[in-house]
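Here is run.cif, consisting of mmCIF, C-alpha atoms:
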data_work
loop_
_atom_site.label_atom_id
_atom_site.label_comp_id
_atom_site.auth_asym_id
_atom_site.auth_seq_id
_atom_site.Cartn_x
_atom_site.Cartn_y
_atom_site.Cartn_z
CA MET A 19 121.80 -85.33 -39.11
CA ALA A 20 120.88 -84.05 -35.64
CA HIS A 21 120.12 -86.60 -32.96
CA ALA A 22 117.69 -86.22 -30.10
CA ARG A 23 119.34 -85.66 -26.73
CA LYS A 24 120.09 -88.82 -24.79
CA ILE A 25 121.69 -88.29 -21.39
CA ALA A 26 122.60 -91.23 -19.16
CA LEU A 27 123.08 -91.13 -15.41
CA VAL A 28 125.12 -94.06 -14.10
CA ASP A 29 124.88 -94.46 -10.34
CA ALA A 30 126.66 -97.03 -8.17
CA ASN A 31 124.23 -98.78 -5.83
CA SER A 32 124.87 -98.13 -2.10
CA PHE A 33 128.37 -97.07 -3.09
CA TYR A 34 130.19 -97.11 0.27
CA CYS A 35 128.68 -100.47 1.23
CA SER A 36 129.31 -101.93 -2.23
CA ALA A 37 132.93 -100.74 -2.07
CA GLU A 38 133.45 -102.61 1.19
CA LYS A 39 131.88 -105.74 -0.30
CA VAL A 40 134.26 -105.70 -3.27
CA PHE A 41 136.95 -106.97 -0.89
CA ARG A 42 134.55 -109.06 1.21
CA PRO A 43 132.61 -111.24 -1.26
CA ASP A 44 131.54 -113.40 1.67
CA LEU A 45 129.24 -110.52 2.66
CA ALA A 46 127.32 -110.51 -0.63
CA ARG A 47 124.11 -111.62 1.13
CA VAL A 48 124.76 -109.95 4.48
CA PRO A 49 123.35 -106.54 5.53
CA VAL A 50 126.14 -103.95 5.65
CA VAL A 51 126.32 -100.40 6.98
CA VAL A 52 129.15 -97.85 6.94
CA LEU A 53 129.75 -95.52 9.88
CA SER A 54 130.90 -91.92 10.04
CA ASN A 55 134.24 -90.74 11.37
CA ASN A 56 134.96 -92.21 14.79
CA ASP A 57 132.05 -94.62 14.21
CA GLY A 58 129.53 -92.04 15.32
CA CYS A 59 126.49 -92.87 13.18
CA VAL A 60 125.28 -94.65 10.06
CA ILE A 61 126.14 -92.81 6.83
CA ALA A 62 125.49 -95.60 4.30
CA ARG A 63 123.24 -98.67 4.11
CA ASP A 64 122.86 -101.40 1.55
CA ALA A 65 119.44 -102.62 0.39
CA MET A 66 119.30 -105.36 3.01
CA SER A 67 120.03 -102.93 5.85
CA LYS A 68 117.34 -100.58 4.57
CA ALA A 69 114.90 -103.50 4.49
CA LEU A 70 115.60 -104.09 8.19
CA GLY A 71 114.50 -100.52 8.86
CA ILE A 72 117.91 -99.15 9.85
CA PRO A 73 117.64 -95.36 9.43
CA MET A 74 120.29 -93.09 8.00
CA GLY A 75 122.06 -91.21 10.77
CA GLN A 76 121.27 -93.71 13.53
CA PRO A 77 123.95 -93.55 16.26
CA TRP A 78 126.16 -96.63 16.29
CA PHE A 79 125.58 -97.35 19.98
CA GLN A 80 121.83 -97.54 19.33
CA LEU A 81 122.28 -99.75 16.28
CA LYS A 82 124.52 -102.13 18.23
CA ALA A 83 121.74 -102.54 20.77
CA ASP A 84 119.19 -103.17 17.99
CA ILE A 85 121.47 -105.76 16.36
CA LYS A 86 121.84 -107.61 19.62
CA ARG A 87 118.14 -107.40 20.48
CA HIS A 88 116.88 -108.57 17.07
CA GLY A 89 119.73 -110.94 16.25
CA TRP A 90 120.40 -109.15 12.96
CA PRO A 91 123.46 -110.38 11.00
CA VAL A 92 124.52 -106.80 10.27
CA VAL A 93 128.19 -106.01 9.60
CA ALA A 94 129.39 -102.44 10.21
CA PHE A 95 132.48 -100.84 8.66
CA SER A 96 134.34 -97.73 9.68
CA SER A 97 134.40 -95.30 6.76
CA ASN A 98 137.42 -95.68 4.48
CA TYR A 99 137.53 -92.68 2.14
CA THR A 100 140.82 -93.70 0.56
CA LEU A 101 139.16 -96.91 -0.63
CA TYR A 102 136.04 -95.09 -1.83
CA GLY A 103 138.08 -92.52 -3.73
CA ASP A 104 140.15 -95.19 -5.45
CA LEU A 105 137.12 -97.22 -6.51
CA SER A 106 135.37 -94.05 -7.68
CA ALA A 107 138.32 -93.23 -9.93
CA ARG A 108 138.24 -96.75 -11.39
CA PHE A 109 134.49 -96.49 -11.87
CA MET A 110 134.80 -93.18 -13.74
CA SER A 111 137.64 -94.59 -15.84
CA VAL A 112 135.47 -97.49 -17.01
CA LEU A 113 132.63 -95.11 -17.90
CA GLY A 114 135.09 -93.04 -19.90
CA GLN A 115 135.38 -95.95 -22.33
CA PHE A 116 131.87 -95.27 -23.61
CA VAL A 117 132.06 -91.58 -24.58
CA ALA A 118 134.58 -88.90 -25.46
CA PRO A 119 135.99 -86.91 -22.49
CA GLN A 120 133.82 -83.88 -23.23
CA ASP A 121 130.71 -86.07 -23.00
CA GLN A 122 131.46 -87.37 -19.50
CA GLU A 123 130.59 -85.36 -16.38
CA GLN A 124 131.28 -86.71 -12.90
CA TYR A 125 128.44 -85.51 -10.69
CA SER A 126 129.52 -87.05 -7.38
CA ILE A 127 131.75 -89.80 -6.03
CA ASP A 128 129.30 -92.44 -7.27
CA GLU A 129 127.31 -90.70 -10.05
CA CYS A 130 128.26 -89.75 -13.59
CA PHE A 131 126.44 -88.25 -16.56
CA LEU A 132 127.25 -89.53 -20.05
CA ASP A 133 125.98 -87.63 -23.09
CA PHE A 134 125.10 -90.12 -25.83
CA SER A 135 123.21 -87.58 -27.96
CA HIS A 136 125.57 -87.91 -30.94
CA TYR A 137 126.34 -91.62 -30.72
CA GLY A 138 123.23 -93.22 -32.21
CA ILE A 139 123.11 -95.97 -29.58
CA ASP A 140 120.42 -98.34 -28.38
CA GLY A 141 119.95 -97.01 -24.86
CA THR A 142 118.81 -100.20 -23.19
CA GLN A 143 121.52 -102.37 -24.72
CA THR A 144 124.22 -99.80 -23.94
CA GLY A 145 122.96 -99.54 -20.37
CA ARG A 146 123.21 -103.29 -19.96
CA THR A 147 126.74 -103.26 -21.36
CA ILE A 148 127.72 -100.50 -18.92
CA ARG A 149 126.33 -102.44 -15.96
CA LYS A 150 128.11 -105.64 -17.00
CA ARG A 151 131.47 -103.97 -17.62
CA VAL A 152 131.49 -101.87 -14.45
CA LEU A 153 130.63 -104.94 -12.37
CA GLN A 154 133.28 -107.05 -14.09
CA TRP A 155 136.05 -104.45 -13.91
CA THR A 156 135.35 -102.88 -10.48
CA GLY A 157 132.97 -105.19 -8.65
CA LEU A 158 130.45 -102.35 -8.23
CA PRO A 159 126.75 -102.86 -9.06
CA VAL A 160 125.27 -99.89 -10.91
CA CYS A 161 121.98 -98.74 -12.41
CA VAL A 162 121.60 -96.70 -15.59
CA GLY A 163 118.89 -94.18 -16.37
CA MET A 164 118.55 -92.31 -19.67
CA GLY A 165 116.46 -89.30 -20.59
CA SER A 166 116.41 -86.27 -22.85
CA THR A 167 117.59 -84.06 -19.96
CA LYS A 168 119.67 -84.58 -16.83
CA THR A 169 116.54 -84.28 -14.71
CA LEU A 170 114.81 -87.06 -16.67
CA ALA A 171 117.99 -89.17 -16.58
CA LYS A 172 118.00 -88.79 -12.79
CA LEU A 173 114.37 -89.88 -12.61
CA ALA A 174 115.04 -92.79 -15.00
CA ASN A 175 117.86 -93.93 -12.74
CA ASN A 176 115.43 -93.91 -9.83
CA VAL A 177 113.11 -96.16 -11.84
CA ALA A 178 115.97 -98.48 -12.81
CA LYS A 179 117.09 -98.80 -9.20
CA LYS A 180 113.76 -99.19 -7.41
CA ARG A 181 111.60 -101.11 -9.89
CA PRO A 182 112.86 -104.67 -10.46
CA GLU A 183 110.99 -105.09 -13.75
CA TRP A 184 113.45 -102.65 -15.39
CA ALA A 185 116.44 -104.84 -14.42
CA GLY A 186 118.70 -101.91 -13.61
CA VAL A 187 118.31 -99.99 -16.91
CA CYS A 188 115.60 -97.47 -17.83
CA ASP A 189 115.69 -95.51 -21.09
CA LEU A 190 112.89 -92.95 -21.07
CA THR A 191 113.82 -91.77 -24.58
CA ALA A 192 112.65 -95.12 -25.97
CA LEU A 193 109.12 -94.73 -24.56
CA GLU A 194 106.08 -93.51 -26.44
CA GLU A 195 104.55 -90.28 -25.15
CA THR A 196 101.65 -92.13 -23.51
CA GLU A 197 104.05 -94.54 -21.80
CA LEU A 198 106.27 -91.73 -20.56
CA ASP A 199 103.29 -89.77 -19.27
CA ALA A 200 101.97 -92.81 -17.42
CA LEU A 201 105.36 -93.42 -15.82
CA LEU A 202 105.84 -89.79 -14.77
CA SER A 203 102.33 -89.74 -13.31
CA GLY A 204 103.56 -92.21 -10.69
CA PHE A 205 106.07 -89.73 -9.24
CA ASP A 206 105.18 -86.91 -6.87
CA VAL A 207 106.47 -83.55 -8.04
CA GLY A 208 108.62 -83.44 -4.91
CA ASP A 209 110.51 -86.49 -6.18
CA VAL A 210 111.86 -84.51 -9.14
CA TRP A 211 115.56 -83.66 -8.88
CA GLY A 212 116.05 -80.09 -7.66
CA ILE A 213 112.56 -79.59 -6.23
CA GLY A 214 112.65 -79.17 -2.47
CA ARG A 215 109.84 -79.25 0.06
CA ARG A 216 108.88 -75.57 -0.16
CA LEU A 217 108.87 -75.50 -3.95
CA ALA A 218 106.90 -78.75 -4.06
CA GLU A 219 104.27 -77.24 -1.77
CA ALA A 220 104.03 -74.15 -3.99
CA LEU A 221 103.63 -76.27 -7.13
CA GLN A 222 100.96 -78.40 -5.47
CA ARG A 223 99.01 -75.28 -4.56
CA GLY A 224 99.10 -74.46 -8.27
CA GLY A 225 97.66 -77.85 -9.20
CA ILE A 226 100.96 -79.51 -10.12
CA HIS A 227 101.11 -82.73 -8.14
CA THR A 228 103.11 -85.18 -10.25
CA ALA A 229 106.17 -85.19 -12.49
CA ALA A 230 103.78 -85.55 -15.44
CA ASP A 231 101.90 -82.40 -14.36
CA LEU A 232 105.20 -80.52 -14.21
CA ARG A 233 106.21 -81.71 -17.67
CA ARG A 234 102.90 -80.51 -19.13
CA ALA A 235 102.93 -77.16 -17.28
CA ASP A 236 103.36 -73.90 -19.16
CA ALA A 237 106.93 -72.63 -18.73
CA ARG A 238 105.89 -68.97 -18.70
CA GLN A 239 103.37 -69.61 -15.92
CA LEU A 240 105.96 -71.48 -13.90
CA ARG A 241 108.41 -68.58 -14.17
#

Would you kindly transcribe this structure into structure tokens?
Amino acid sequence: MAHARKIALVDANSFYCSAEKVFRPDLARVPVVVLSNNDGCVIARDAMSKALGIPMGQPWFQLKADIKRHGWPVVAFSSNYTLYGDLSARFMSVLGQFVAPQDQEQYSIDECFLDFSHYGIDGTQTGRTIRKRVLQWTGLPVCVGMGSTKTLAKLANNVAKKRPEWAGVCDLTALEETELDALLSGFDVGDVWGIGRRLAEALQRGGIHTAADLRRADARQLR
């Protein structure tokens, strides 16, 4: 019996910052940033640093002045790519426990696709199990998004990460058509993975403004 496609994207939250916090549990509730080579500028921020308004790419000398002026309890780390590579390998190894090797695809140092299409799983429950095991075995917090394509899995991961009501797991394949359409209507077409600014502008000129509009669009017309 054929199963509908179910692709999961597992993404470690603020990976570089989370990796530093694995060995500094005292910083669990402290804003953390990671700096580029030679401490030039900010290349990673955790959620608390983002909430303070610290921008990506801000020069370290400017951020130091802001920290002093505002009295922010921000901790900055020099980048440690040996650490990040080691934790990434452990992260991928844990994810490999859930699918056969051919169904696992590492997308980046902190992102991995898992193809559950032939496993007959409950997406939400499996996502929760993944989050719990990765945190327990590596110390890394992750979010899990599932969809019928990699693009939808990427979008589902965005939902899982940014909308607290989903509690870190979003399985779009479990939604009714009306529910999925309503959810996709809340995303600008430019938020869809692979659509850049120029393509988004072209789609908008053609009346495609949201992810739901794109999903409903005629493929031949788009080509």

Handout entry: Residues matched by the PyMOL selection byres ((chain A and resi 134) around 10), written as JSON, numbers by chain
Key = {"A": [21, 22, 23, 24, 25, 26, 116, 117, 118, 121, 122, 131, 132, 133, 135, 136, 137, 138, 139, 140, 141, 144, 164, 166]}

Exercise for the section: Given the file shown, determine the residues that the PyMOL selection byres ((chain A and resi 188) around 10) selects; report them as a PyMOL selection string. Expected result: chain A and resi 26+141-142+145-146+161-165+171+173-179+181+183-187+189-193

Handout entry: Test item: residues at most 6 Å from range 72-87 of chain A, only C-alpha atoms, excluding those fewer than 6 positions along its chain, as JSON, numbers by chain
Key = {"A": [58, 59, 60, 61]}

Problem - Selection: 9 Å around Met110 in chain A, only C-alpha atoms, excl. self and same-chain fewer than 5 positions, as number ranges by chain - result: A: 105, 122, 124, 127-130

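Here CA of Leu27 in chain A stands at a distance of 26.5 Å from CA of Asp236 in chain A.
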
Exercise for the section: Could you tell me how far CA of Cys35 in chain A lies from CA of Val92 in chain A, in Å and to one decimal? Expected result: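 Computed distance, CA of Cys35 in chain A to CA of Val92 in chain A, equals 11.8 Å.
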